[in-house]
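Trainee: Below: one structure in C-alpha cells.
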Amino acid sequence: MSKKEEIRVRIAPSPTGYLHIGTARTALFNYLFAKNQGGNFILRIEDTDLERSDEKFTKEIIESLHWLGIDYDEGPDVGGKYGPYRQSERLETYKKYLQQLLDEDKAYYCFCTEEELEKERESMMKRGEPPVYSGCCANLKADEIKKMHDEGRKPVIRFRMPAKKIIFEDLIKGKVEFNTELIGDITIAKNLDAPLYNFAVVIDDYTMKISHVIRGEDHISNTPKQIAVIEALGFGVPRYAHIPLTLAPDRTKLSKRHGATAIADYRAMGYLPEALLNFMAFLGWNPKTDQEIFSKEELAKNFSLDSMNTAAAIFNIEKLNWLNGNYIRKKDLSELTELCIPYLENAGLIGREGEGDWKISENSSPASFDYLKKITFLEQERLVKLGDLPELVSFFFKKELTYDKELLVWKKMKQGDANKNLRLLKDFLGKISDKNFSKSNLEENLRQMIAEEKLGAGEVFWPLRVALTGLKASPPPLEIAEILGKKETLMRIERAISLSK
RNA sequence: GGCCCUAUCGUCUAGUCCGGUCUAGGACACCACGCUUUCAAUGUGGUAACCCGGGUUCGAAUCCCGGUGGGGCUACCA
C-alpha cells in the first residue's frame, strides 16, 4: 500500500513588481486547491534575478496576499520546515545540484556571448528553423575551457538536453507533448552562484516537496524543460495543472496600459477583498450551478481542478463592479463606515488630529462616527466601490453648494413654481421642532401637506432635493434633511430661494 | 517563422467526456415596463451565441478531419 500523498502547492512570484491580478488569481487557485484537499499552500519568493528584484515588492506581495485573505502555511514571513523561502537564501542548495550536473557531464560551460547567440537565433528564424542553441560549446576539451577561463571569458552553465519526447498529463489541459530537439540545451545558471528560473524551480519544488504545480498557462512551454532537468537529477515529477490566463478586453495580455493591474490598485479604488476573490475565482472556474456569490470558504469547499476552464478569460470589470456592490450592500454598516472613512479623509472632506473625533474640513464642525455612519448608510445601496463615496456625499461637507438654478425646476414644473414651493417648504419645515426632524415624521407631515396643497410629490421633493444636495441624482431628500438637521436644512432652502428668484 | 494551448450571447459561463430531453440555460452589461421626486436598489419581460468548411450518423454545440481566429512561449526574466 502506498503512503498517502501529501498535497503541497505553492505560488512563486518574483518580486519585480506589485502583486499582479493574474498572480493573485493563480495564488487563489492554489489556495483553494490546498484547502479543498487538506493540503499546504506555500509562498516562495523567486528573487534569483537580483537586478530586477526588490525587497519592497516582496513586502507588498505579502501585504496584498494578506489583505485578500489568501493565507499560506509556509513562507518567508511565517517560516516552515522547508525554508528558507527566498531563492536568494537558497544558493548553496542550487550550487550543490549544479555541481552534480556538471560532474556528471549533464551540464557544461558555454562561452558564447549574448550577441553571438542572438545572431544565431535570428538567422535560424529567418530560415524558418526553430531557434535552438547550436551546441558549439557542448564538447569543449578541458584545455579549451581552461584557455577561455584564462582569457577572462565568463561562461554560463547549460543543460545537456536529451533528445526525446516529453509527455505529461496536465490536470487541466490533458496530454501535452513536446519534442526536446526543438528546445535545445537551455541555460540553467549564469554561474554556480546564480541559478536561473528553469533550474531553480526544479530544485525548490523538489526540496520543498511540492506535489502539484498549479501555475499560469504561460509556463506550459517551460514544463518540458523542467521535466528534463528533474529526470537528469533523478527527482520525482510533480503533477502539473496549467490554468488559462486572464486577458484584457482587447484580448491581449493584461498590462498597465489597460489600467489597474495590481491588487493594491483595486484595494485603493475601494474593491472589497471578498468581491475580488469571488470574481477572480469565476474567471476560469465555475460551480456549475446558478449560484454567483461565493464566500472564500464556499469556494474552497466546491473547488476542483476538473471544473477549470481551458480557454483564457477576459477581465471584465463590469461584473466585478456588480459583485462589489453586492458585497457592499451586505456589509455590516459599522464595518462599512470604518472602511469608508479613509476615503473621506483622503478626499479632504474630513480630517482629524490624533485620535480625536473627525471634523468637517471646511468648517471644523464635528463629524462623529455616528454621523458618518448615517451618511454611509444613505449610500450603501448605491455604492459600487468605496472610492466612489466622497464624490457622492461631498454635499454634506460643503459650506455652500454650487449648482445651476435651473436644476431646481422639476421637469413637470413651471419656472416660478420651484421658488414658490421652496418658500412653502421653508415655512412648513420651520414649524417642525428639532427633535421631530426625522425622516419618518417629516415624510408623514409633508405628504399630508402636499395632498392639501394639491401638489405633485415631485414638485416639492425635487426642488428640496436639489436645494439640499445641488445634484441631479442623490438619495431621497428627507433622509438627507434628517442628517443635516433643521438649521442646516433651512439654510440650504433659503439659499435656493434666493438663487431661484 | 517554429512549437504549444485554445474556440458557445458584447463579457463570465452551463451543456461537450457518455451525440437526441438544446426552438442552447444562468449571470454581468444593455433595452423596456413596474415601483418612484431624482439616482440607486428591487420585480417582470426582452435583445443577444454554438468560428468556418467538409465528413460520420436517422440525428452533431457535442465525434473525426481540414482551415481560420485568439493566446502563450521561443532570454545570461520569471
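Order determines the names: the first chain of the C-alpha cells is A, the second B, and so forth; residues in each chain are numbered 1 upward, and ligands are numbered 1 upward as they are shown.
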Residues near B:U38, anyone? I mean within 9 Å using only C-alpha atoms (C1' of nucleotides), not counting same-chain ones fewer than 3 positions away, as a tab-separated table (two decimals) with C-alpha atoms, in the first residue's frame.
Mentor:
```
chain	number	residue	atom	x	y	z
A	462	TRP	CA	-37.32	67.63	-6.41
A	465	ARG	CA	-33.53	67.56	-3.00
A	471	LEU	CA	-27.14	67.30	-7.51
A	472	LYS	CA	-29.10	65.76	-10.36
A	473	ALA	CA	-29.11	62.44	-8.56
A	474	SER	CA	-28.91	61.69	-4.88
A	475	PRO	CA	-30.61	59.79	-2.08
A	476	PRO	CA	-34.09	60.97	-1.05
```
Trainee: Enumerate as a PyMOL selection string all residues of stretch 215-317 of chain A assigned to helix (DSSP H, G or I) by DSSP on the backbone, naming them with the chain letters and numbers the document uses.
Mentor: chain A and resi 217-219+223-233+256-258+263-269+273-282+296-302+305-307+317
Trainee: Pull out every residue of chain A that has at least one atom within 6 Å of chain B, counting only C-alpha atoms (C1' of nucleotides), and report them as a ChimeraX atom specification.
Mentor: /A:125,128,130,190,218,221,290,311,319,381-382,458,461-462,473-474
Trainee: Compile the contact shell of A:Gly387 as a list in words: residues with an atom at most 10 Å away, counting only C-alpha atoms (C1' of nucleotides), same-chain residues fewer than 4 positions apart removed.
Mentor: Tyr266, Arg267, Ala268, Met269, Gly270, Tyr271, Cys340, Pro342, Tyr343, Leu344, Asn346, Ala347, Leu383, Glu391 and Leu392 of chain A
Trainee: Find the distance between atom CA of A:Leu276 and atom CA of A:Trp67 and write it in Å to one decimal.
Mentor: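 For atom CA of A:Leu276 relative to atom CA of A:Trp67, the distance reads 10.8 Å.
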Trainee: Please provide the set of residues having any atom within 8 Å of A:Leu349, restricted to only C-alpha atoms (C1' of nucleotides), with same-chain residues fewer than 4 positions apart removed, written as a list in words.
Mentor: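 Surrounding residues, per the criterion: Leu344, Glu345, Ile360, Ser361, Glu362, Pro390, Ser394 and Phe397 of chain A.
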Trainee: Could you please determine the separation between atom CA of A:Leu323 and atom CA of A:Ile480 in Å, to one decimal place?
Mentor: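 Atom-to-atom, atom CA of A:Leu323 and atom CA of A:Ile480 are spaced 26.9 Å apart.
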Trainee: Could you work out how far atom CA of A:Pro131 lies from atom CA of A:Leu182, giving the answer in Å with one decimal?
Mentor: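 Between atom CA of A:Leu182 and atom CA of A:Pro131 the gap works out to 7.7 Å.
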Trainee: Do you know which residues are at most 10 Å from stretch 70-74 of chain A counting only C-alpha atoms (C1' of nucleotides), after dropping those on the same chain fewer than 6 positions away, and could you put them as number ranges by chain?
Mentor: A: 8-11, 24-25, 27-32, 34, 39-44, 62, 64, 80-85, 273, 277, 296
Trainee: Kindly export the residues of the current selection with C-alpha atoms, as a short mmCIF file (atom, residue, chain, number, x, y, z; two decimals), in the first residue's frame.
Mentor:
```cif
data_model
loop_
_atom_site.label_atom_id
_atom_site.label_comp_id
_atom_site.auth_asym_id
_atom_site.auth_seq_id
_atom_site.Cartn_x
_atom_site.Cartn_y
_atom_site.Cartn_z
CA ARG A 8 1.67 20.64 -1.19
CA VAL A 9 1.26 23.52 -3.61
CA ARG A 10 2.96 26.85 -3.97
CA ILE A 11 2.80 30.26 -5.53
CA ALA A 24 -3.17 36.72 -7.28
CA ARG A 25 -5.63 34.59 -9.20
CA ALA A 27 -2.41 32.11 -5.84
CA LEU A 28 -6.15 31.84 -5.20
CA PHE A 29 -6.50 28.63 -7.19
CA ASN A 30 -3.53 27.14 -5.38
CA TYR A 31 -5.01 28.18 -2.06
CA LEU A 32 -8.43 26.82 -2.95
CA ALA A 34 -4.91 23.18 -0.94
CA GLY A 39 -3.00 20.24 1.85
CA ASN A 40 -0.50 23.00 2.42
CA PHE A 41 -0.03 26.17 0.47
CA ILE A 42 3.40 27.75 0.31
CA LEU A 43 4.67 31.16 -0.69
CA ARG A 44 8.11 31.18 -2.24
CA ILE A 62 2.87 39.61 1.23
CA SER A 64 -1.65 42.14 -0.75
CA GLY A 80 8.14 26.49 7.81
CA LYS A 81 10.31 23.41 7.85
CA TYR A 82 11.30 23.56 4.18
CA GLY A 83 12.71 27.06 4.28
CA PRO A 84 14.24 29.41 3.59
CA TYR A 85 11.51 30.64 1.26
CA PRO A 273 -11.31 41.54 -0.95
CA LEU A 277 -11.80 36.77 -4.59
CA LYS A 296 -13.90 32.08 0.34
#
```
Trainee: Run DSSP on the backbone of this structure and report the residues of stretch 331-473 of chain A it assigns to strand (DSSP E or B), as a list in words.
Mentor: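 Listing strand (DSSP E or B) positions across stretch 331-473 of chain A yields Ile350, Gly351, Trp358, Lys359, Ile360, Pro366 and Ala367 of chain A.
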